[in-house]
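Student: What follows is protein_38.tsv, TSV, C-alpha atoms.
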chain	number	residue	atom	x	y	z
A	1012	MET	CA	-118.54	27.24	39.21
A	1013	THR	CA	-119.94	23.70	39.33
A	1014	SER	CA	-119.65	22.22	42.82
A	1015	ARG	CA	-120.07	18.70	44.15
A	1016	THR	CA	-119.20	16.61	47.18
A	1017	THR	CA	-117.94	13.05	47.65
A	1018	GLU	CA	-116.50	10.87	50.36
A	1019	VAL	CA	-113.32	9.97	48.47
A	1020	ALA	CA	-111.90	11.73	45.42
A	1021	VAL	CA	-109.46	9.62	43.40
A	1022	VAL	CA	-107.34	11.89	41.23
A	1023	GLY	CA	-106.13	9.95	38.21
A	1024	ALA	CA	-107.84	7.13	36.30
A	1025	SER	CA	-104.71	4.98	36.24
A	1026	LEU	CA	-104.90	1.25	36.93
A	1027	ALA	CA	-103.99	1.87	40.58
A	1028	GLY	CA	-106.50	4.71	40.83
A	1029	LEU	CA	-109.39	2.80	39.28
A	1030	ALA	CA	-108.62	-0.32	41.35
A	1031	THR	CA	-108.62	1.77	44.53
A	1032	ALA	CA	-111.86	3.48	43.54
A	1033	LEU	CA	-113.59	0.20	42.69
A	1034	GLY	CA	-112.48	-1.38	45.97
A	1035	LEU	CA	-113.90	1.57	47.90
A	1036	ALA	CA	-117.14	1.65	45.93
A	1037	ARG	CA	-117.74	-2.07	46.45
A	1038	SER	CA	-117.53	-1.34	50.20
A	1039	GLY	CA	-120.24	1.30	49.97
A	1040	VAL	CA	-118.02	4.39	49.85
A	1041	HIS	CA	-119.13	7.31	47.63
A	1042	VAL	CA	-116.26	7.73	45.14
A	1043	THR	CA	-115.54	10.31	42.45
A	1044	VAL	CA	-112.70	9.66	40.01
A	1045	LEU	CA	-111.11	12.68	38.38
A	1046	ASP	CA	-109.63	11.57	35.07
A	1047	THR	CA	-106.53	13.76	34.90
A	1048	VAL	CA	-104.11	11.23	33.40
A	1049	PRO	CA	-103.56	11.48	29.63
A	1050	ALA	CA	-104.01	8.35	27.55
A	1051	PRO	CA	-100.79	6.31	27.39
A	1052	ARG	CA	-98.60	6.70	24.33
A	1053	LEU	CA	-98.41	2.93	23.87
A	1054	PRO	CA	-101.68	0.97	23.67
A	1055	TRP	CA	-99.93	-2.37	23.19
A	1056	THR	CA	-100.38	-5.41	25.33
A	1057	ALA	CA	-98.79	-5.71	28.78
A	1058	VAL	CA	-98.31	-8.62	31.16
A	1059	HIS	CA	-100.08	-8.60	34.52
A	1060	HIS	CA	-98.35	-10.85	37.05
A	1061	TRP	CA	-100.15	-13.88	38.48
A	1062	SER	CA	-100.24	-12.24	41.93
A	1063	VAL	CA	-102.49	-9.50	40.47
A	1064	LEU	CA	-105.23	-11.95	39.48
A	1065	PRO	CA	-106.64	-12.36	43.02
A	1066	VAL	CA	-106.87	-8.56	43.21
A	1067	LEU	CA	-108.93	-8.49	40.01
A	1068	GLU	CA	-111.04	-11.34	41.35
A	1069	GLY	CA	-111.73	-9.44	44.57
A	1070	LEU	CA	-112.82	-6.44	42.52
A	1071	GLY	CA	-115.25	-8.61	40.54
A	1072	VAL	CA	-113.57	-8.06	37.16
A	1073	LEU	CA	-111.38	-11.14	36.71
A	1074	ASP	CA	-113.78	-12.96	34.37
A	1075	ASP	CA	-114.07	-9.94	32.08
A	1076	ALA	CA	-110.28	-9.50	32.11
A	1077	LEU	CA	-109.69	-13.15	31.24
A	1078	LEU	CA	-112.20	-12.97	28.38
A	1079	ALA	CA	-110.51	-9.84	26.99
A	1080	GLY	CA	-106.93	-11.03	27.47
A	1081	GLU	CA	-104.87	-14.17	27.15
A	1082	ALA	CA	-103.35	-16.42	29.80
A	1083	THR	CA	-99.61	-16.97	29.58
A	1084	ALA	CA	-97.57	-19.26	31.81
A	1085	HIS	CA	-94.04	-19.34	30.38
A	1086	TRP	CA	-91.15	-16.97	30.94
A	1087	GLY	CA	-87.42	-17.40	30.69
A	1088	LEU	CA	-83.88	-16.12	30.43
A	1089	HIS	CA	-81.70	-16.07	27.34
A	1090	VAL	CA	-78.03	-15.22	27.83
A	1091	LEU	CA	-77.22	-13.61	24.52
A	1092	ALA	CA	-73.43	-14.09	24.56
A	1093	THR	CA	-73.45	-17.81	25.33
A	1094	GLY	CA	-76.88	-18.97	24.16
A	1095	GLU	CA	-77.68	-20.34	27.65
A	1096	ARG	CA	-81.45	-20.55	28.18
A	1097	HIS	CA	-83.76	-21.25	31.09
A	1098	VAL	CA	-87.53	-21.54	30.70
A	1099	TYR	CA	-89.99	-21.60	33.62
A	1100	ASP	CA	-93.66	-22.51	33.83
A	1101	VAL	CA	-95.73	-20.49	36.32
A	1102	ARG	CA	-98.06	-23.48	36.64
A	1103	GLU	CA	-95.33	-25.28	38.56
A	1104	LEU	CA	-95.86	-22.94	41.51
A	1105	GLY	CA	-98.13	-25.67	42.81
A	1106	PRO	CA	-101.48	-25.92	44.56
A	1107	GLU	CA	-100.76	-23.03	46.92
A	1108	VAL	CA	-101.25	-20.66	43.96
A	1109	ARG	CA	-104.86	-20.98	42.77
A	1110	LEU	CA	-104.40	-18.92	39.59
A	1111	PRO	CA	-100.94	-19.97	38.35
A	1112	PHE	CA	-100.63	-17.94	35.16
A	1113	ASN	CA	-100.02	-14.39	34.01
A	1114	LEU	CA	-102.47	-12.30	32.01
A	1115	ARG	CA	-101.55	-10.57	28.76
A	1116	LEU	CA	-103.91	-7.65	28.22
A	1117	GLU	CA	-103.70	-4.05	27.01
A	1118	PRO	CA	-103.73	-1.62	29.99
A	1119	ALA	CA	-106.29	0.55	28.17
A	1120	THR	CA	-108.65	-2.44	27.90
A	1121	LEU	CA	-108.20	-3.27	31.58
A	1122	ARG	CA	-108.86	0.34	32.52
A	1123	GLY	CA	-112.08	0.17	30.50
A	1124	ILE	CA	-113.14	-2.96	32.40
A	1125	LEU	CA	-112.44	-1.30	35.74
A	1126	ARG	CA	-114.29	1.87	34.72
A	1127	ALA	CA	-117.37	-0.04	33.58
A	1128	ALA	CA	-117.46	-2.02	36.84
A	1129	LEU	CA	-117.10	1.18	38.85
A	1130	LEU	CA	-119.89	3.02	37.05
A	1131	ALA	CA	-122.21	0.03	37.48
A	1132	LEU	CA	-122.19	0.68	41.24
A	1133	PRO	CA	-124.29	3.34	42.99
A	1134	ASN	CA	-122.75	6.56	44.31
A	1135	THR	CA	-119.87	6.64	41.83
A	1136	ALA	CA	-118.85	9.15	39.21
A	1137	ILE	CA	-116.00	9.80	36.79
A	1138	VAL	CA	-115.26	13.40	35.82
A	1139	GLU	CA	-113.46	13.46	32.48
A	1140	ASP	CA	-110.61	15.65	31.23
A	1141	VAL	CA	-109.96	17.87	34.24
A	1142	HIS	CA	-106.78	19.22	35.78
A	1143	LEU	CA	-106.12	19.88	39.43
A	1144	GLU	CA	-105.49	23.57	40.05
A	1145	ILE	CA	-105.87	23.96	43.83
A	1146	LEU	CA	-105.90	21.51	46.76
A	1147	ARG	CA	-106.73	22.87	50.21
A	1148	GLN	CA	-106.80	20.65	53.27
A	1149	HIS	CA	-109.01	21.26	56.30
A	1150	GLU	CA	-109.38	19.30	59.52
A	1151	GLU	CA	-112.06	16.94	58.17
A	1152	THR	CA	-112.27	17.70	54.43
A	1153	VAL	CA	-110.22	18.54	51.35
A	1154	ASP	CA	-111.30	21.11	48.76
A	1155	LEU	CA	-110.24	20.65	45.15
A	1156	VAL	CA	-110.52	23.24	42.38
A	1157	LEU	CA	-110.41	21.78	38.90
A	1158	ASP	CA	-109.85	23.24	35.46
A	1159	GLY	CA	-112.66	21.75	33.38
A	1160	GLY	CA	-111.55	23.16	30.04
A	1161	ALA	CA	-114.55	24.25	27.98
A	1162	ALA	CA	-116.83	23.29	30.90
A	1163	GLY	CA	-115.19	25.92	33.09
A	1164	PRO	CA	-113.83	25.58	36.63
A	1165	GLN	CA	-115.29	23.03	39.01
A	1166	SER	CA	-114.94	22.44	42.72
A	1167	LEU	CA	-115.10	19.22	44.69
A	1168	ARG	CA	-115.15	18.69	48.45
A	1169	ALA	CA	-114.03	15.27	49.70
A	1170	ARG	CA	-113.34	13.69	53.05
A	1171	TRP	CA	-110.23	11.99	51.62
A	1172	VAL	CA	-108.19	12.36	48.43
A	1173	VAL	CA	-106.23	9.56	46.73
A	1174	GLY	CA	-103.48	10.75	44.40
A	1175	ALA	CA	-103.16	8.25	41.54
A	1176	ASP	CA	-102.09	10.71	38.86
A	1177	GLY	CA	-98.73	9.30	37.84
A	1178	PRO	CA	-95.07	10.27	38.28
A	1179	ALA	CA	-95.74	13.99	37.67
A	1180	SER	CA	-98.52	13.91	40.29
A	1181	ALA	CA	-100.21	17.26	40.89
A	1182	VAL	CA	-101.69	15.83	44.08
A	1183	ARG	CA	-98.24	15.03	45.45
A	1184	ARG	CA	-97.00	18.49	44.55
A	1185	HIS	CA	-99.98	20.28	46.13
A	1186	ALA	CA	-99.59	18.13	49.26
A	1187	GLY	CA	-96.02	19.37	49.61
A	1188	LEU	CA	-94.40	15.94	49.28
A	1189	ALA	CA	-91.02	15.59	47.60
A	1190	PHE	CA	-90.22	12.81	45.10
A	1191	GLU	CA	-86.75	11.68	46.08
A	1192	GLY	CA	-84.53	9.37	44.12
A	1193	THR	CA	-82.65	9.05	40.86
A	1194	THR	CA	-83.15	9.74	37.17
A	1195	TRP	CA	-80.97	7.28	35.31
A	1196	THR	CA	-78.45	8.32	32.68
A	1197	GLU	CA	-80.18	5.87	30.32
A	1198	ARG	CA	-83.54	6.13	28.62
A	1199	CYS	CA	-85.94	3.28	27.99
A	1200	VAL	CA	-86.79	2.48	24.38
A	1201	VAL	CA	-89.82	0.31	23.62
A	1202	ALA	CA	-90.57	-0.98	20.13
A	1203	LEU	CA	-93.41	-3.01	18.65
A	1204	VAL	CA	-91.69	-5.47	16.32
A	1205	HIS	CA	-92.99	-7.81	13.65
A	1206	HIS	CA	-90.73	-10.83	14.04
A	1207	ASP	CA	-91.08	-14.44	15.15
A	1208	PHE	CA	-89.01	-14.48	18.32
A	1209	GLY	CA	-90.91	-17.65	19.24
A	1210	ALA	CA	-89.09	-19.45	16.44
A	1211	LEU	CA	-85.84	-18.46	18.19
A	1212	GLY	CA	-86.99	-20.26	21.32
A	1213	TYR	CA	-88.15	-17.19	23.23
A	1214	PRO	CA	-91.05	-17.91	25.65
A	1215	ASP	CA	-93.83	-15.33	25.97
A	1216	THR	CA	-91.75	-13.20	28.36
A	1217	THR	CA	-87.99	-13.42	27.89
A	1218	PHE	CA	-85.28	-11.57	29.77
A	1219	GLN	CA	-82.52	-11.26	27.19
A	1220	VAL	CA	-79.40	-11.01	29.36
A	1221	ASP	CA	-76.51	-9.02	27.92
A	1222	GLY	CA	-74.35	-6.15	29.13
A	1223	HIS	CA	-74.76	-4.37	25.78
A	1224	HIS	CA	-78.05	-5.66	24.33
A	1225	GLY	CA	-80.03	-6.62	27.41
A	1226	ALA	CA	-83.78	-6.43	26.77
A	1227	VAL	CA	-87.20	-7.57	27.88
A	1228	VAL	CA	-88.89	-9.31	24.96
A	1229	GLU	CA	-92.62	-10.06	25.26
A	1230	ARG	CA	-95.17	-11.53	22.91
A	1231	ALA	CA	-97.82	-8.98	21.90
A	1232	GLY	CA	-99.69	-11.01	19.27
A	1233	ARG	CA	-99.06	-13.36	16.37
A	1234	HIS	CA	-95.48	-12.57	15.30
A	1235	LEU	CA	-95.76	-9.27	17.21
A	1236	TRP	CA	-93.36	-8.66	20.07
A	1237	ARG	CA	-92.68	-5.85	22.49
A	1238	TYR	CA	-88.93	-5.20	22.62
A	1239	LEU	CA	-87.75	-3.02	25.53
A	1240	PHE	CA	-84.14	-1.98	26.10
A	1241	GLN	CA	-82.16	0.91	27.52
A	1242	GLU	CA	-79.68	3.26	25.89
A	1243	SER	CA	-77.54	6.20	26.95
A	1244	LEU	CA	-79.13	9.64	27.05
A	1245	SER	CA	-76.14	10.84	25.06
A	1246	HIS	CA	-77.77	9.35	21.96
A	1247	ASP	CA	-80.10	11.55	19.95
A	1248	GLU	CA	-83.65	10.49	20.81
A	1249	ALA	CA	-84.89	11.51	17.35
A	1250	ALA	CA	-82.69	8.79	15.83
A	1251	ALA	CA	-83.90	6.08	18.24
A	1252	GLU	CA	-86.00	4.31	15.60
A	1253	GLN	CA	-82.96	3.67	13.42
A	1254	ARG	CA	-81.00	2.43	16.45
A	1255	VAL	CA	-83.87	0.05	17.27
A	1256	VAL	CA	-83.54	-1.45	13.80
A	1257	GLU	CA	-79.76	-1.73	14.16
A	1258	VAL	CA	-80.00	-3.38	17.59
A	1259	LEU	CA	-82.59	-5.87	16.39
A	1260	GLU	CA	-80.53	-6.71	13.30
A	1261	GLU	CA	-77.46	-7.36	15.45
A	1262	VAL	CA	-79.43	-9.53	17.89
A	1263	THR	CA	-81.54	-11.51	15.39
A	1264	GLY	CA	-79.34	-11.51	12.28
A	1265	VAL	CA	-82.20	-10.17	10.16
A	1266	ARG	CA	-83.93	-6.81	9.82
A	1267	PRO	CA	-87.29	-7.05	11.66
A	1268	GLU	CA	-90.03	-4.58	10.88
A	1269	VAL	CA	-90.50	-1.93	13.58
A	1270	LEU	CA	-94.18	-0.96	13.62
A	1271	ASP	CA	-93.99	1.64	16.38
A	1272	TRP	CA	-91.62	2.82	19.09
A	1273	PHE	CA	-91.42	5.09	22.09
A	1274	ALA	CA	-88.64	6.46	24.30
A	1275	ALA	CA	-88.83	7.81	27.85
A	1276	ARG	CA	-86.60	8.74	30.80
A	1277	MET	CA	-86.18	6.16	33.57
A	1278	HIS	CA	-86.56	7.02	37.25
A	1279	GLN	CA	-86.18	5.35	40.63
A	1280	ARG	CA	-88.11	7.54	43.07
A	1281	SER	CA	-90.36	7.50	46.10
A	1282	ALA	CA	-92.43	10.20	47.76
A	1283	THR	CA	-91.09	11.27	51.15
A	1284	SER	CA	-94.41	10.10	52.61
A	1285	TYR	CA	-97.44	8.36	51.10
A	1286	ARG	CA	-99.77	10.37	53.30
A	1287	SER	CA	-100.17	14.07	54.08
A	1288	GLY	CA	-103.19	14.82	56.24
A	1289	ARG	CA	-106.24	13.55	54.34
A	1290	VAL	CA	-104.27	12.94	51.13
A	1291	VAL	CA	-102.75	9.54	50.30
A	1292	LEU	CA	-100.73	8.42	47.28
A	1293	VAL	CA	-100.84	5.17	45.30
A	1294	GLY	CA	-99.09	3.76	42.24
A	1295	ASP	CA	-96.71	5.92	40.24
A	1296	ALA	CA	-97.75	9.01	42.19
A	1297	ALA	CA	-96.13	7.40	45.25
A	1298	HIS	CA	-93.22	5.49	43.71
A	1299	VAL	CA	-91.73	4.71	40.35
A	1300	THR	CA	-89.05	2.35	39.10
A	1301	HIS	CA	-87.61	1.37	35.75
A	1302	PRO	CA	-89.87	-0.53	33.30
A	1303	MET	CA	-87.59	-3.55	32.74
A	1304	THR	CA	-89.66	-5.81	35.00
A	1305	GLY	CA	-91.72	-7.77	32.46
A	1306	HIS	CA	-95.07	-6.89	34.08
A	1307	THR	CA	-97.16	-3.98	35.33
A	1308	SER	CA	-96.34	-2.52	38.74
A	1309	LEU	CA	-97.00	-5.03	41.50
A	1310	SER	CA	-96.56	-2.28	44.08
A	1311	GLY	CA	-99.30	-0.21	42.44
A	1312	TRP	CA	-101.75	-3.12	42.54
A	1313	CYS	CA	-100.83	-3.87	46.17
A	1314	ASP	CA	-101.28	-0.20	47.07
A	1315	ALA	CA	-104.83	-0.28	45.72
A	1316	ALA	CA	-105.79	-3.63	47.25
A	1317	SER	CA	-104.48	-2.77	50.70
A	1318	LEU	CA	-105.66	0.85	50.86
A	1319	ALA	CA	-109.33	0.28	50.00
A	1320	PRO	CA	-110.34	-1.52	53.24
A	1321	VAL	CA	-108.24	0.81	55.42
A	1322	LEU	CA	-109.69	3.94	53.83
A	1323	THR	CA	-113.21	2.49	53.99
A	1324	ASP	CA	-112.86	2.17	57.76
A	1325	ALA	CA	-111.53	5.73	57.98
A	1326	VAL	CA	-114.48	7.08	55.98
A	1327	HIS	CA	-116.86	5.22	58.26
A	1328	GLY	CA	-115.40	6.93	61.31
A	1329	ASP	CA	-112.73	4.54	62.62
A	1330	PRO	CA	-110.62	6.75	64.94
A	1331	ASP	CA	-107.59	4.45	64.69
A	1332	ASP	CA	-104.78	5.85	62.50
A	1333	ALA	CA	-104.67	2.81	60.24
A	1334	VAL	CA	-104.19	5.07	57.20
A	1335	GLY	CA	-100.95	6.41	58.66
A	1336	ARG	CA	-99.68	2.90	59.35
A	1337	TRP	CA	-100.69	1.85	55.84
A	1338	ALA	CA	-98.71	4.73	54.33
A	1339	GLU	CA	-95.58	3.94	56.31
A	1340	SER	CA	-95.85	0.21	55.59
A	1341	ARG	CA	-96.25	0.71	51.84
A	1342	ARG	CA	-93.32	3.12	51.70
A	1343	ARG	CA	-91.09	0.73	53.62
A	1344	HIS	CA	-92.15	-2.12	51.32
A	1345	PHE	CA	-91.17	-0.12	48.24
A	1346	LEU	CA	-87.84	1.06	49.61
A	1347	ASP	CA	-86.81	-2.21	51.28
A	1348	ASP	CA	-88.28	-4.83	48.94
A	1349	ALA	CA	-89.75	-3.66	45.63
A	1350	ALA	CA	-87.05	-1.17	44.63
A	1351	PRO	CA	-84.08	-3.49	45.35
A	1352	ALA	CA	-85.80	-6.35	43.52
A	1353	SER	CA	-86.47	-4.23	40.43
A	1354	LEU	CA	-82.92	-2.88	40.47
A	1355	GLY	CA	-81.59	-6.43	40.70
A	1356	ARG	CA	-83.57	-7.40	37.63
A	1357	ARG	CA	-82.35	-4.40	35.64
A	1358	ASN	CA	-78.76	-5.13	36.62
A	1359	LEU	CA	-79.02	-8.79	35.60
A	1360	VAL	CA	-80.70	-8.09	32.27
A	1361	ALA	CA	-78.69	-5.13	31.05
A	1362	GLN	CA	-75.89	-4.01	33.35
A	1363	ILE	CA	-73.50	-6.91	34.00
A	1364	ARG	CA	-70.48	-7.08	31.70
A	1365	ASP	CA	-68.13	-9.06	33.94
A	1366	PRO	CA	-68.52	-12.77	33.00
A	1367	ARG	CA	-67.54	-13.95	36.51
A	1368	ARG	CA	-70.16	-11.78	38.16
A	1369	LEU	CA	-72.76	-12.93	35.64
A	1370	GLU	CA	-71.97	-16.56	36.49
A	1371	VAL	CA	-72.75	-15.87	40.14
A	1372	GLU	CA	-76.05	-14.18	39.28
A	1373	LEU	CA	-77.12	-16.99	36.97
A	1374	ASP	CA	-76.55	-19.74	39.52
A	1375	ALA	CA	-79.93	-19.15	41.17
A	1376	PHE	CA	-81.68	-19.61	37.83
A	1377	ARG	CA	-79.70	-22.75	37.04
A	1378	GLN	CA	-80.75	-24.28	40.36
A	1379	ALA	CA	-84.38	-23.29	39.71
A	1380	SER	CA	-84.28	-25.00	36.34
A	1381	VAL	CA	-83.57	-28.33	37.99
A	1382	GLY	CA	-86.19	-27.82	40.68
A	1383	LEU	CA	-83.91	-27.08	43.64
A	1384	VAL	CA	-85.20	-23.60	44.40
A	1385	ALA	CA	-87.96	-21.31	43.17
A	1386	PRO	CA	-86.98	-18.87	40.41
A	1387	PRO	CA	-86.02	-15.50	41.95
A	1388	PHE	CA	-88.42	-13.42	39.80
In structure tokens, what does this structure look like?
Tutor:
Amino acid sequence: MTSRTTEVAVVGASLAGLATALGLARSGVHVTVLDTVPAPRLPWTAVHHWSVLPVLEGLGVLDDALLAGEATAHWGLHVLATGERHVYDVRELGPEVRLPFNLRLEPATLRGILRAALLALPNTAIVEDVHLEILRQHEETVDLVLDGGAAGPQSLRARWVVGADGPASAVRRHAGLAFEGTTWTERCVVALVHHDFGALGYPDTTFQVDGHHGAVVERAGRHLWRYLFQESLSHDEAAAEQRVVEVLEEVTGVRPEVLDWFAARMHQRSATSYRSGRVVLVGDAAHVTHPMTGHTSLSGWCDAASLAPVLTDAVHGDPDDAVGRWAESRRRHFLDDAAPASLGRRNLVAQIRDPRRLEVELDAFRQASVGLVAPPF
């Protein structure tokens, strides 16, 4: 059995995992990333919120990300039933936001940028295509046994382990942490569509508000758009592609070309704790919400950015239990702030069928459009 040691093992080469690993490595911590997360089904572009850009800058990868992606500043609402529209410009956030734009970039490309930056630093390693079989905690270390496929079993001893291996996290399961919450009775359907939504007045990210055909519509290229909506699990998933075509025809009045599509269950869950002994959780391993947000997980990026300095101090012998306080703070943030905000967005976009209630919800956006208050997203 191949054996190795490291100061921190990051299980899962997700965006949150790689960002955590890079933050630790830039502080001089010996990091080993175990790439246990399968490649995503959808390689298409995604939007990374403007608040993520300072995180990328702190990791030293912002310039590479900007060169590989595309800045986008406009987003809006389109109320399908009435035609009411509101368009916002992120650049109007003002001088207090130094990087007032979002970044459109494929997650796989951003992961590649993070990986390259990580491997350019000393005392780092990425172990490819392994699966976690055993996790044993001791007073000052954690032992991991990995299934290396054709390479055979491997073992790794670390002082700390970061679980960043997604919603089905093996780290969370081995640490004995439950994943409490809800699985919705709707599934998410995402389609890559060849259609000029821009000609319909849709800005780069548009929340199409409708109790029946609510969707998040995002530019993915020239006349290419990412169309995300929800549907009941009672529908046959195998027939989802045909329903995508039917929905798009009803919304647009034409029959757009669907180039690819994907369907998945939707969850709203949080681990019972984001720390167990010398194991901590970040990103989707710690918490997950529905995908109708219009950008990658802000909570996952904040997990990575805030954990790296705390865990660096713990590795270097700080006796203060800052890791425990970090775990409790991040969990409270998700439950009290992030989860309600994401649920509010899903409800506005796709759940409200009462016109009077919709009027109340839209008032905040109407005020924002005339400069009275900041947009609530």
Student: Mind checking which residues fall within 9 Å of His1059 (chain A), counting all atoms listed in the file, ignoring those fewer than 2 positions away in the same chain, and posting them as a list in words?
Tutor: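 Final neighbour list, sorted by chain and number: Ala1057, Trp1061, Ser1062, Val1063, Leu1064, Asn1113, Leu1114, Arg1115, Leu1116, Gly1305, His1306, Thr1307, Ser1308 and Leu1309 of chain A.
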Student: So which residues are close to (-110.7, -6.1, 35.3), meaning at most 7 Å away in the file's coordinates with all atoms listed in the file counted, and can you show them as JSON, numbers by chain?
Tutor: {"A": [1067, 1072, 1073, 1075, 1076, 1121, 1124, 1125]}
Student: Counting only C-alpha atoms, find residues at most 8 Å from (-76.6, 1.7, 26.6) (file frame) and give them as a PyMOL selection string.
Tutor: chain A and resi 1197+1223-1224+1241-1243
Student: Near Gly1034 (chain A), within 12 Å and counting only C-alpha atoms, which residues show up once chain neighbours fewer than 3 positions away are dropped, as an MDAnalysis selection string?
Tutor: chainID A and resid 1019 1021 1027:1031 1037:1042 1066:1072 1125:1126 1128:1129 1132 1135 1312:1323
Student: So which one's closest to Phe1112 (chain A), A:Gly1163, A:Leu1091, A:His1060, A:Pro1351? Using all atoms listed in the file, please.
Tutor: A:His1060
